[in-house]
file data_11.cif (mmCIF, C-alpha atoms)
data_target
#
loop_
_atom_site.group_PDB
_atom_site.id
_atom_site.type_symbol
_atom_site.label_atom_id
_atom_site.label_comp_id
_atom_site.auth_asym_id
_atom_site.auth_seq_id
_atom_site.Cartn_x
_atom_site.Cartn_y
_atom_site.Cartn_z
ATOM 1 C CA MET A 1 -0.184 27.899 -3.660
ATOM 2 C CA PRO A 2 3.133 26.035 -4.029
ATOM 3 C CA SER A 3 4.201 25.293 -7.576
ATOM 4 C CA THR A 4 6.058 21.996 -7.189
ATOM 5 C CA SER A 5 4.962 18.653 -5.823
ATOM 6 C CA ARG A 6 7.992 18.597 -3.504
ATOM 7 C CA ASP A 7 6.824 21.852 -1.894
ATOM 8 C CA LEU A 8 3.337 20.389 -1.562
ATOM 9 C CA LEU A 9 4.488 17.188 0.115
ATOM 10 C CA GLU A 10 6.700 19.021 2.594
ATOM 11 C CA ARG A 11 3.757 21.010 3.990
ATOM 12 C CA PRO A 12 2.512 19.368 7.218
ATOM 13 C CA ASP A 13 -1.177 19.935 6.381
ATOM 14 C CA VAL A 14 -0.901 18.040 3.078
ATOM 15 C CA PHE A 15 -0.158 14.564 4.450
ATOM 16 C CA PRO A 16 -3.575 14.134 6.133
ATOM 17 C CA GLN A 17 -5.201 15.044 2.814
ATOM 18 C CA LEU A 18 -2.966 12.585 0.957
ATOM 19 C CA LYS A 19 -3.669 9.848 3.509
ATOM 20 C CA TYR A 20 -7.397 10.490 3.134
ATOM 21 C CA ALA A 21 -7.121 10.229 -0.667
ATOM 22 C CA ILE A 22 -5.139 6.986 -0.357
ATOM 23 C CA ASP A 23 -7.750 5.534 2.014
ATOM 24 C CA LEU A 24 -10.536 6.467 -0.418
ATOM 25 C CA ALA A 25 -8.698 4.844 -3.335
ATOM 26 C CA LEU A 26 -8.137 1.664 -1.280
ATOM 27 C CA ASP A 27 -11.840 1.689 -0.331
ATOM 28 C CA ALA A 28 -12.793 2.166 -4.016
ATOM 29 C CA LYS A 29 -14.491 5.523 -3.473
ATOM 30 C CA GLU A 30 -14.237 8.695 -5.542
ATOM 31 C CA LYS A 31 -13.414 12.237 -4.394
ATOM 32 C CA SER A 32 -13.791 15.141 -6.810
ATOM 33 C CA TRP A 33 -12.790 18.042 -4.563
ATOM 34 C CA GLY A 34 -9.672 19.244 -2.783
ATOM 35 C CA LEU A 35 -5.983 18.986 -3.521
ATOM 36 C CA PHE A 36 -5.929 15.231 -4.239
ATOM 37 C CA ARG A 37 -8.730 13.837 -6.386
ATOM 38 C CA VAL A 38 -9.656 10.162 -6.612
ATOM 39 C CA ARG A 39 -11.328 8.893 -9.790
ATOM 40 C CA CYS A 40 -12.531 5.521 -11.013
ATOM 41 C CA VAL A 41 -10.668 4.603 -14.207
ATOM 42 C CA ASP A 42 -10.943 1.213 -15.960
ATOM 43 C CA GLY A 43 -12.061 -0.694 -12.870
ATOM 44 C CA GLY A 44 -9.326 0.751 -10.658
ATOM 45 C CA TYR A 45 -8.885 4.071 -8.912
ATOM 46 C CA GLN A 46 -6.361 6.778 -9.543
ATOM 47 C CA ILE A 47 -5.150 9.523 -7.265
ATOM 48 C CA GLU A 48 -4.459 12.786 -9.068
ATOM 49 C CA ILE A 49 -1.663 14.738 -7.421
ATOM 50 C CA PRO A 50 -0.783 18.226 -8.711
ATOM 51 C CA ASN A 51 2.340 18.290 -10.923
ATOM 52 C CA MET A 52 2.760 14.489 -10.764
ATOM 53 C CA GLU A 53 1.655 11.525 -12.827
ATOM 54 C CA PRO A 54 -1.584 9.885 -11.645
ATOM 55 C CA LEU A 55 -1.131 7.043 -9.154
ATOM 56 C CA HIS A 56 -3.244 4.035 -10.191
ATOM 57 C CA VAL A 57 -4.426 1.819 -7.318
ATOM 58 C CA GLN A 58 -5.812 -1.644 -7.992
ATOM 59 C CA ARG A 59 -6.929 -4.593 -5.922
ATOM 60 C CA THR A 60 -5.616 -7.927 -7.070
ATOM 61 C CA SER A 61 -7.621 -11.140 -7.266
ATOM 62 C CA ASP A 62 -6.516 -11.977 -3.724
ATOM 63 C CA ARG A 63 -8.696 -10.162 -1.173
ATOM 64 C CA GLN A 64 -5.642 -8.759 0.602
ATOM 65 C CA GLY A 65 -3.722 -7.877 -2.546
ATOM 66 C CA TYR A 66 -3.043 -4.357 -3.785
ATOM 67 C CA LYS A 67 -0.795 -2.705 -6.305
ATOM 68 C CA ALA A 68 -0.052 0.902 -7.187
ATOM 69 C CA LEU A 69 1.518 2.171 -10.405
ATOM 70 C CA TRP A 70 2.595 5.642 -11.522
ATOM 71 C CA GLY A 71 1.279 6.901 -14.846
ATOM 72 C CA ASN A 72 1.717 4.361 -17.655
ATOM 73 C CA ALA A 73 4.285 2.230 -15.812
ATOM 74 C CA ARG A 74 3.980 -1.527 -16.173
ATOM 75 C CA LYS A 75 5.783 -2.419 -12.961
ATOM 76 C CA PRO A 76 4.024 -1.527 -9.693
ATOM 77 C CA THR A 77 5.809 0.710 -7.215
ATOM 78 C CA VAL A 78 3.788 -0.691 -4.308
ATOM 79 C CA THR A 79 2.464 -4.245 -4.233
ATOM 80 C CA THR A 80 1.622 -7.007 -1.776
ATOM 81 C CA ARG A 81 2.918 -10.552 -1.642
ATOM 82 C CA LYS A 82 1.455 -13.384 0.445
ATOM 83 C CA ARG A 83 3.534 -16.276 1.736
ATOM 84 C CA ARG A 84 2.804 -19.265 3.933
ATOM 85 C CA LYS A 85 5.175 -21.334 5.982
ATOM 86 C CA THR A 86 4.893 -24.152 8.464
ATOM 87 C CA ILE A 87 6.494 -23.679 11.862
ATOM 88 C CA ALA A 88 7.091 -26.494 14.346
ATOM 89 C CA ASP A 89 5.520 -25.729 17.740
ATOM 90 C CA ARG A 90 7.639 -27.466 20.390
ATOM 91 C CA LYS A 91 5.070 -26.992 23.170
ATOM 92 C CA ASP A 92 2.284 -28.876 21.402
ATOM 93 C CA ASN A 93 4.593 -30.995 19.213
ATOM 94 C CA ARG A 94 2.525 -29.895 16.183
ATOM 95 C CA ASP A 95 3.145 -27.902 13.063
ATOM 96 C CA LYS A 96 1.448 -24.539 12.791
ATOM 97 C CA LEU A 97 0.830 -22.460 9.711
ATOM 98 C CA GLN A 98 1.863 -18.810 9.527
ATOM 99 C CA ARG A 99 0.847 -16.405 6.775
ATOM 100 C CA THR A 100 3.183 -13.540 6.004
ATOM 101 C CA TYR A 101 2.073 -10.531 3.983
ATOM 102 C CA GLU A 102 4.806 -8.349 2.553
ATOM 103 C CA VAL A 103 4.000 -4.853 1.353
ATOM 104 C CA LEU A 104 6.743 -4.152 -1.178
ATOM 105 C CA CYS A 105 7.599 -0.495 -1.763
ATOM 106 C CA GLN A 106 10.005 0.459 -4.557
ATOM 107 C CA LEU A 107 12.525 3.129 -3.649
ATOM 108 C CA ASP A 108 12.399 6.083 -6.020
ATOM 109 C CA SER A 109 15.129 8.668 -6.519
ATOM 110 C CA ARG A 110 12.468 11.379 -6.805
ATOM 111 C CA SER A 111 11.678 12.584 -3.291
ATOM 112 C CA ALA A 112 7.993 13.343 -3.832
ATOM 113 C CA PHE A 113 7.317 9.977 -5.500
ATOM 114 C CA ARG A 114 9.198 8.150 -2.729
ATOM 115 C CA GLN A 115 7.112 9.900 -0.049
ATOM 116 C CA VAL A 116 3.832 9.026 -1.775
ATOM 117 C CA ASN A 117 4.975 5.409 -2.274
ATOM 118 C CA GLN A 118 5.820 5.156 1.419
ATOM 119 C CA ALA A 119 2.477 6.675 2.445
ATOM 120 C CA MET A 120 0.647 4.196 0.191
ATOM 121 C CA ALA A 121 2.664 1.239 1.525
ATOM 122 C CA MET A 122 2.048 2.242 5.158
ATOM 123 C CA ALA A 123 -1.697 2.619 4.525
ATOM 124 C CA ILE A 124 -1.853 -0.869 2.987
ATOM 125 C CA ARG A 125 0.230 -2.316 5.840
ATOM 126 C CA ASP A 126 -2.023 -0.733 8.468
ATOM 127 C CA ARG A 127 -5.145 -1.945 6.656
ATOM 128 C CA LEU A 128 -3.846 -5.521 6.509
ATOM 129 C CA ARG A 129 -2.790 -5.509 10.165
ATOM 130 C CA ALA A 130 -6.248 -4.334 11.210
ATOM 131 C CA THR A 131 -8.145 -6.987 9.249
ATOM 132 C CA LEU A 132 -6.038 -10.156 9.414
ATOM 133 C CA THR A 133 -6.458 -12.745 12.167
ATOM 134 C CA ALA A 134 -5.539 -16.391 12.623
ATOM 135 C CA ALA A 135 -8.073 -18.590 10.852
ATOM 136 C CA ASP A 136 -7.976 -21.530 13.282
ATOM 137 C CA ASP A 137 -6.091 -23.082 16.208
ATOM 138 C CA ASP A 138 -3.396 -24.549 13.964
ATOM 139 C CA GLU A 139 -2.419 -21.106 12.692
ATOM 140 C CA LEU A 140 -0.239 -18.399 14.210
ATOM 141 C CA GLU A 141 -1.152 -14.723 13.962
ATOM 142 C CA PRO A 142 -0.318 -13.436 10.468
ATOM 143 C CA LEU A 143 2.701 -11.169 10.054
ATOM 144 C CA VAL A 144 2.484 -7.996 7.972
ATOM 145 C CA LEU A 145 5.820 -6.540 6.928
ATOM 146 C CA LEU A 146 6.786 -3.387 5.042
ATOM 147 C CA VAL A 147 9.708 -4.064 2.700
ATOM 148 C CA GLU A 148 11.518 -1.329 0.782
ATOM 149 C CA GLN A 149 13.476 -2.446 -2.237
ATOM 150 C CA SER A 150 15.478 -0.771 -4.941
ATOM 151 C CA GLY A 151 13.888 -0.332 -8.350
ATOM 152 C CA ASN A 152 16.337 -2.788 -9.895
ATOM 153 C CA SER A 153 15.122 -5.837 -7.920
#
call {"tool": "encode", "arguments": {"input": "data_11.cif", "output": "structure tokens"}}
result
Amino acid sequence: MPSTSRDLLERPDVFPQLKYAIDLALDAKEKSWGLFRVRCVDGGYQIEIPNMEPLHVQRTSDRQGYKALWGNARKPTVTTRKRRKTIADRKDNRDKLQRTYEVLCQLDSRSAFRQVNQAMAMAIRDRLRATLTAADDDELEPLVLLVEQSGNS
């Protein structure tokens, strides 16, 4: 068995297991077996990855909101942000509403942490894209964007 988390994350058979653990944490379900364990801790879920800090996953008060934090960090490394804007529709001469969901992923200088952050952000993005639709005729289809930003922002 590999000894470092970098070795683990570079194995092609590990990413499906990590994706499964991320999906379980986002679905608020536990998993006590395998390489990546998911446990309920203080109302949120944490993914335990060998040789790394636990990744805490929480839903925010907004139904489509998520955030993920490493260990005891106060600032999330993956979070969602919802925005709304009004767009003028020239065909109908009416204003239409468009919701935009941004999945913000902090860049990390540590390769293994960056890969897990990106996997988490992509899972949240895919989940939002699959569930969001326009609420009524005066609304455009919602946009879901993945945004990577430096840790200093």
call {"tool": "resolve_selection", "arguments": {"input": "data_11.cif", "expression": "the PyMOL selection byres ((chain A and resi 46) around 6)", "output": "compact mmCIF listing (two decimals) with C-alpha atoms, in the frame of the given file"}}
result
# COMPACT_ATOMS: atom_id res chain seq x y z
CA VAL A 38 -9.66 10.16 -6.61
CA ARG A 39 -11.33 8.89 -9.79
CA TYR A 45 -8.88 4.07 -8.91
CA ILE A 47 -5.15 9.52 -7.26
CA LEU A 55 -1.13 7.04 -9.15
CA HIS A 56 -3.24 4.04 -10.19
CA VAL A 57 -4.43 1.82 -7.32
call {"tool": "closest_residue", "arguments": {"input": "data_11.cif", "among": "A:Ile49, A:Ile124, A:Val147, A:Leu104", "to": "Asp27 in chain A", "atoms": "all atoms listed in the file"}}
result
A:Ile124
call {"tool": "residues_near_point", "arguments": {"input": "data_11.cif", "point": "(-7.9, 14.7, -2.2)", "cutoff": "6 Å", "atoms": "all atoms listed in the file", "output": "list in words"}}
result
Gln17, Ala21, Gly34, Leu35, Phe36 and Arg37 of chain A
call {"tool": "residues_around", "arguments": {"input": "data_11.cif", "residues": "Leu140 in chain A", "least_positions_apart": "6", "cutoff": "8 Å", "atoms": "only C-alpha atoms", "output": "PyMOL selection string"}}
result
chain A and resi 96-99+134
call {"tool": "write_last_selection", "arguments": {"input": "data_11.cif", "atoms": "C-alpha atoms", "output": "CSV table (one decimal), keeping the file's coordinate frame"}}
result
chain,number,residue,atom,x,y,z
A,96,LYS,CA,1.4,-24.5,12.8
A,97,LEU,CA,0.8,-22.5,9.7
A,98,GLN,CA,1.9,-18.8,9.5
A,99,ARG,CA,0.8,-16.4,6.8
A,134,ALA,CA,-5.5,-16.4,12.6
call {"tool": "closest_residue", "arguments": {"input": "data_11.cif", "among": "A:Glu102, A:Asp62, A:Glu48, A:Asp108", "to": "Leu18 in chain A", "atoms": "only C-alpha atoms"}}
result
A:Glu48
call {"tool": "resolve_selection", "arguments": {"input": "data_11.cif", "expression": "the PyMOL selection byres ((chain A and resi 115-122) around 9)", "output": "JSON, numbers by chain"}}
result
{"A": [9, 15, 18, 19, 22, 23, 68, 77, 78, 79, 80, 103, 104, 105, 106, 107, 108, 110, 111, 112, 113, 114, 123, 124, 125, 126, 127, 146, 147, 148]}
call {"tool": "axis_aligned_box", "arguments": {"input": "data_11.cif", "around": "range 56-62 of chain A", "padding_each_side": "8 Å", "output": "JSON"}}
result
{"center_x": -5.4, "center_y": -4.0, "center_z": -7.0, "size_x": 20.4, "size_y": 32.0, "size_z": 22.5}
call {"tool": "atom_distance", "arguments": {"input": "data_11.cif", "atom1": "CA of Lys29 in chain A", "atom2": "CA of Arg59 in chain A"}}
result
12.9 Å
call {"tool": "resolve_selection", "arguments": {"input": "data_11.cif", "expression": "the PyMOL selection byres ((chain A and resi 82) around 7)", "output": "list of chain:residue names"}}
result
A:Thr80, A:Arg81, A:Arg83, A:Arg84, A:Thr100, A:Tyr101, A:Glu102
call {"tool": "residues_near_point", "arguments": {"input": "data_11.cif", "point": "(-11.0, -4.8, 3.1)", "cutoff": "9 Å", "atoms": "only C-alpha atoms", "output": "list in words"}}
result
Leu26, Asp27, Arg63, Gln64, Arg127, Leu128 and Thr131 of chain A
call {"tool": "closest_residue", "arguments": {"input": "data_11.cif", "among": "A:Leu143, A:Ala88, A:Cys40, A:Leu132", "to": "Gln58 in chain A", "atoms": "only C-alpha atoms"}}
result
A:Cys40
call {"tool": "decode", "arguments": {"input": "data_11.cif", "residues": "range 89-105 of chain A", "atoms": "all heavy atoms", "output": "PDB file, in the first residue's frame"}}
result
ATOM      1  N   ASP A  89     -34.405  40.876 -22.648  1.00  0.00           N
ATOM      2  CA  ASP A  89     -34.668  39.986 -23.784  1.00  0.00           C
ATOM      3  C   ASP A  89     -35.241  40.840 -24.914  1.00  0.00           C
ATOM      4  O   ASP A  89     -36.356  41.344 -24.831  1.00  0.00           O
ATOM      5  CB  ASP A  89     -35.653  38.888 -23.374  1.00  0.00           C
ATOM      6  CG  ASP A  89     -35.849  37.864 -24.474  1.00  0.00           C
ATOM      7  OD1 ASP A  89     -35.143  37.941 -25.507  1.00  0.00           O
ATOM      8  OD2 ASP A  89     -36.692  36.971 -24.294  1.00  0.00           O
ATOM      9  N   ARG A  90     -34.466  41.012 -25.974  1.00  0.00           N
ATOM     10  CA  ARG A  90     -34.875  41.900 -27.075  1.00  0.00           C
ATOM     11  C   ARG A  90     -36.022  41.319 -27.897  1.00  0.00           C
ATOM     12  O   ARG A  90     -36.802  42.053 -28.469  1.00  0.00           O
ATOM     13  CB  ARG A  90     -33.685  42.192 -27.973  1.00  0.00           C
ATOM     14  CG  ARG A  90     -32.627  42.976 -27.246  1.00  0.00           C
ATOM     15  CD  ARG A  90     -31.484  43.316 -28.137  1.00  0.00           C
ATOM     16  NE  ARG A  90     -30.444  43.972 -27.352  1.00  0.00           N
ATOM     17  CZ  ARG A  90     -29.370  44.478 -27.857  1.00  0.00           C
ATOM     18  NH1 ARG A  90     -29.159  44.419 -29.159  1.00  0.00           N
ATOM     19  NH2 ARG A  90     -28.482  45.058 -27.091  1.00  0.00           N
ATOM     20  N   LYS A  91     -36.126  40.006 -27.955  1.00  0.00           N
ATOM     21  CA  LYS A  91     -37.211  39.377 -28.727  1.00  0.00           C
ATOM     22  C   LYS A  91     -38.572  39.690 -28.123  1.00  0.00           C
ATOM     23  O   LYS A  91     -39.505  40.057 -28.835  1.00  0.00           O
ATOM     24  CB  LYS A  91     -37.024  37.864 -28.783  1.00  0.00           C
ATOM     25  CG  LYS A  91     -35.835  37.407 -29.559  1.00  0.00           C
ATOM     26  CD  LYS A  91     -35.736  35.895 -29.524  1.00  0.00           C
ATOM     27  CE  LYS A  91     -34.453  35.429 -30.166  1.00  0.00           C
ATOM     28  NZ  LYS A  91     -34.289  33.983 -30.038  1.00  0.00           N
ATOM     29  N   ASP A  92     -38.698  39.507 -26.828  1.00  0.00           N
ATOM     30  CA  ASP A  92     -39.974  39.704 -26.140  1.00  0.00           C
ATOM     31  C   ASP A  92     -40.115  41.102 -25.551  1.00  0.00           C
ATOM     32  O   ASP A  92     -41.171  41.455 -25.039  1.00  0.00           O
ATOM     33  CB  ASP A  92     -40.134  38.695 -25.007  1.00  0.00           C
ATOM     34  CG  ASP A  92     -40.149  37.270 -25.501  1.00  0.00           C
ATOM     35  OD1 ASP A  92     -40.416  37.065 -26.698  1.00  0.00           O
ATOM     36  OD2 ASP A  92     -39.886  36.365 -24.680  1.00  0.00           O
ATOM     37  N   ASN A  93     -39.026  41.887 -25.599  1.00  0.00           N
ATOM     38  CA  ASN A  93     -39.006  43.222 -24.999  1.00  0.00           C
ATOM     39  C   ASN A  93     -39.359  43.168 -23.506  1.00  0.00           C
ATOM     40  O   ASN A  93     -40.128  43.985 -23.016  1.00  0.00           O
ATOM     41  CB  ASN A  93     -39.934  44.179 -25.757  1.00  0.00           C
ATOM     42  CG  ASN A  93     -39.568  45.624 -25.517  1.00  0.00           C
ATOM     43  OD1 ASN A  93     -38.448  45.912 -25.102  1.00  0.00           O
ATOM     44  ND2 ASN A  93     -40.493  46.524 -25.764  1.00  0.00           N
ATOM     45  N   ARG A  94     -38.827  42.118 -22.828  1.00  0.00           N
ATOM     46  CA  ARG A  94     -39.057  41.931 -21.394  1.00  0.00           C
ATOM     47  C   ARG A  94     -37.733  41.627 -20.717  1.00  0.00           C
ATOM     48  O   ARG A  94     -36.788  41.166 -21.346  1.00  0.00           O
ATOM     49  CB  ARG A  94     -40.005  40.747 -21.136  1.00  0.00           C
ATOM     50  CG  ARG A  94     -41.382  40.960 -21.655  1.00  0.00           C
ATOM     51  CD  ARG A  94     -42.340  39.851 -21.319  1.00  0.00           C
ATOM     52  NE  ARG A  94     -41.748  38.604 -20.871  1.00  0.00           N
ATOM     53  CZ  ARG A  94     -42.405  37.471 -20.808  1.00  0.00           C
ATOM     54  NH1 ARG A  94     -43.659  37.406 -21.160  1.00  0.00           N
ATOM     55  NH2 ARG A  94     -41.818  36.374 -20.387  1.00  0.00           N
ATOM     56  N   ASP A  95     -37.718  41.859 -19.441  1.00  0.00           N
ATOM     57  CA  ASP A  95     -36.541  41.494 -18.640  1.00  0.00           C
ATOM     58  C   ASP A  95     -36.707  40.068 -18.142  1.00  0.00           C
ATOM     59  O   ASP A  95     -37.803  39.668 -17.743  1.00  0.00           O
ATOM     60  CB  ASP A  95     -36.391  42.429 -17.447  1.00  0.00           C
ATOM     61  CG  ASP A  95     -35.953  43.821 -17.857  1.00  0.00           C
ATOM     62  OD1 ASP A  95     -35.431  43.968 -18.979  1.00  0.00           O
ATOM     63  OD2 ASP A  95     -36.129  44.764 -17.064  1.00  0.00           O
ATOM     64  N   LYS A  96     -35.623  39.322 -18.184  1.00  0.00           N
ATOM     65  CA  LYS A  96     -35.639  37.958 -17.665  1.00  0.00           C
ATOM     66  C   LYS A  96     -34.581  37.825 -16.584  1.00  0.00           C
ATOM     67  O   LYS A  96     -33.531  38.447 -16.636  1.00  0.00           O
ATOM     68  CB  LYS A  96     -35.385  36.942 -18.774  1.00  0.00           C
ATOM     69  CG  LYS A  96     -36.518  36.884 -19.775  1.00  0.00           C
ATOM     70  CD  LYS A  96     -36.449  35.641 -20.608  1.00  0.00           C
ATOM     71  CE  LYS A  96     -37.694  35.567 -21.475  1.00  0.00           C
ATOM     72  NZ  LYS A  96     -37.888  34.271 -22.026  1.00  0.00           N
ATOM     73  N   LEU A  97     -34.893  36.993 -15.626  1.00  0.00           N
ATOM     74  CA  LEU A  97     -33.997  36.739 -14.502  1.00  0.00           C
ATOM     75  C   LEU A  97     -33.084  35.559 -14.837  1.00  0.00           C
ATOM     76  O   LEU A  97     -33.516  34.590 -15.455  1.00  0.00           O
ATOM     77  CB  LEU A  97     -34.821  36.410 -13.257  1.00  0.00           C
ATOM     78  CG  LEU A  97     -34.069  36.074 -12.006  1.00  0.00           C
ATOM     79  CD1 LEU A  97     -33.396  37.325 -11.449  1.00  0.00           C
ATOM     80  CD2 LEU A  97     -35.003  35.488 -10.971  1.00  0.00           C
ATOM     81  N   GLN A  98     -31.829  35.650 -14.442  1.00  0.00           N
ATOM     82  CA  GLN A  98     -30.921  34.512 -14.580  1.00  0.00           C
ATOM     83  C   GLN A  98     -30.157  34.323 -13.280  1.00  0.00           C
ATOM     84  O   GLN A  98     -29.558  35.261 -12.762  1.00  0.00           O
ATOM     85  CB  GLN A  98     -29.939  34.690 -15.725  1.00  0.00           C
ATOM     86  CG  GLN A  98     -29.042  33.471 -15.863  1.00  0.00           C
ATOM     87  CD  GLN A  98     -28.343  33.413 -17.181  1.00  0.00           C
ATOM     88  OE1 GLN A  98     -27.844  34.407 -17.666  1.00  0.00           O
ATOM     89  NE2 GLN A  98     -28.301  32.236 -17.765  1.00  0.00           N
ATOM     90  N   ARG A  99     -30.230  33.091 -12.747  1.00  0.00           N
ATOM     91  CA  ARG A  99     -29.458  32.730 -11.569  1.00  0.00           C
ATOM     92  C   ARG A  99     -28.128  32.149 -12.012  1.00  0.00           C
ATOM     93  O   ARG A  99     -28.078  31.367 -12.956  1.00  0.00           O
ATOM     94  CB  ARG A  99     -30.198  31.699 -10.720  1.00  0.00           C
ATOM     95  CG  ARG A  99     -31.445  32.230 -10.057  1.00  0.00           C
ATOM     96  CD  ARG A  99     -32.195  31.147  -9.345  1.00  0.00           C
ATOM     97  NE  ARG A  99     -32.781  30.253 -10.347  1.00  0.00           N
ATOM     98  CZ  ARG A  99     -33.111  28.981 -10.126  1.00  0.00           C
ATOM     99  NH1 ARG A  99     -32.917  28.439  -8.947  1.00  0.00           N
ATOM    100  NH2 ARG A  99     -33.629  28.251 -11.079  1.00  0.00           N
ATOM    101  N   THR A 100     -27.081  32.540 -11.332  1.00  0.00           N
ATOM    102  CA  THR A 100     -25.752  32.006 -11.595  1.00  0.00           C
ATOM    103  C   THR A 100     -25.215  31.421 -10.296  1.00  0.00           C
ATOM    104  O   THR A 100     -25.226  32.090  -9.261  1.00  0.00           O
ATOM    105  CB  THR A 100     -24.795  33.104 -12.097  1.00  0.00           C
ATOM    106  OG1 THR A 100     -25.352  33.701 -13.264  1.00  0.00           O
ATOM    107  CG2 THR A 100     -23.427  32.528 -12.421  1.00  0.00           C
ATOM    108  N   TYR A 101     -24.775  30.191 -10.357  1.00  0.00           N
ATOM    109  CA  TYR A 101     -24.174  29.516  -9.212  1.00  0.00           C
ATOM    110  C   TYR A 101     -22.693  29.337  -9.514  1.00  0.00           C
ATOM    111  O   TYR A 101     -22.334  28.762 -10.534  1.00  0.00           O
ATOM    112  CB  TYR A 101     -24.822  28.153  -8.975  1.00  0.00           C
ATOM    113  CG  TYR A 101     -26.259  28.257  -8.561  1.00  0.00           C
ATOM    114  CD1 TYR A 101     -27.265  28.390  -9.506  1.00  0.00           C
ATOM    115  CD2 TYR A 101     -26.619  28.245  -7.220  1.00  0.00           C
ATOM    116  CE1 TYR A 101     -28.597  28.500  -9.126  1.00  0.00           C
ATOM    117  CE2 TYR A 101     -27.941  28.350  -6.835  1.00  0.00           C
ATOM    118  CZ  TYR A 101     -28.920  28.480  -7.795  1.00  0.00           C
ATOM    119  OH  TYR A 101     -30.228  28.595  -7.415  1.00  0.00           O
ATOM    120  N   GLU A 102     -21.867  29.865  -8.642  1.00  0.00           N
ATOM    121  CA  GLU A 102     -20.425  29.716  -8.788  1.00  0.00           C
ATOM    122  C   GLU A 102     -19.931  28.732  -7.739  1.00  0.00           C
ATOM    123  O   GLU A 102     -20.235  28.885  -6.556  1.00  0.00           O
ATOM    124  CB  GLU A 102     -19.721  31.052  -8.606  1.00  0.00           C
ATOM    125  CG  GLU A 102     -20.032  32.062  -9.674  1.00  0.00           C
ATOM    126  CD  GLU A 102     -19.390  33.412  -9.413  1.00  0.00           C
ATOM    127  OE1 GLU A 102     -19.039  33.704  -8.240  1.00  0.00           O
ATOM    128  OE2 GLU A 102     -19.231  34.166 -10.368  1.00  0.00           O
ATOM    129  N   VAL A 103     -19.197  27.734  -8.180  1.00  0.00           N
ATOM    130  CA  VAL A 103     -18.537  26.813  -7.263  1.00  0.00           C
ATOM    131  C   VAL A 103     -17.095  27.288  -7.189  1.00  0.00           C
ATOM    132  O   VAL A 103     -16.349  27.183  -8.159  1.00  0.00           O
ATOM    133  CB  VAL A 103     -18.628  25.352  -7.753  1.00  0.00           C
ATOM    134  CG1 VAL A 103     -17.941  24.426  -6.761  1.00  0.00           C
ATOM    135  CG2 VAL A 103     -20.066  24.941  -7.981  1.00  0.00           C
ATOM    136  N   LEU A 104     -16.732  27.871  -6.052  1.00  0.00           N
ATOM    137  CA  LEU A 104     -15.410  28.453  -5.866  1.00  0.00           C
ATOM    138  C   LEU A 104     -14.471  27.420  -5.274  1.00  0.00           C
ATOM    139  O   LEU A 104     -14.760  26.825  -4.236  1.00  0.00           O
ATOM    140  CB  LEU A 104     -15.494  29.662  -4.937  1.00  0.00           C
ATOM    141  CG  LEU A 104     -16.463  30.757  -5.372  1.00  0.00           C
ATOM    142  CD1 LEU A 104     -16.649  31.765  -4.263  1.00  0.00           C
ATOM    143  CD2 LEU A 104     -15.984  31.423  -6.639  1.00  0.00           C
ATOM    144  N   CYS A 105     -13.348  27.206  -5.931  1.00  0.00           N
ATOM    145  CA  CYS A 105     -12.356  26.219  -5.507  1.00  0.00           C
ATOM    146  C   CYS A 105     -11.028  26.937  -5.290  1.00  0.00           C
ATOM    147  O   CYS A 105     -10.488  27.541  -6.220  1.00  0.00           O
ATOM    148  CB  CYS A 105     -12.220  25.146  -6.589  1.00  0.00           C
ATOM    149  SG  CYS A 105     -10.989  23.891  -6.240  1.00  0.00           S
TER     150      CYS A 105
END
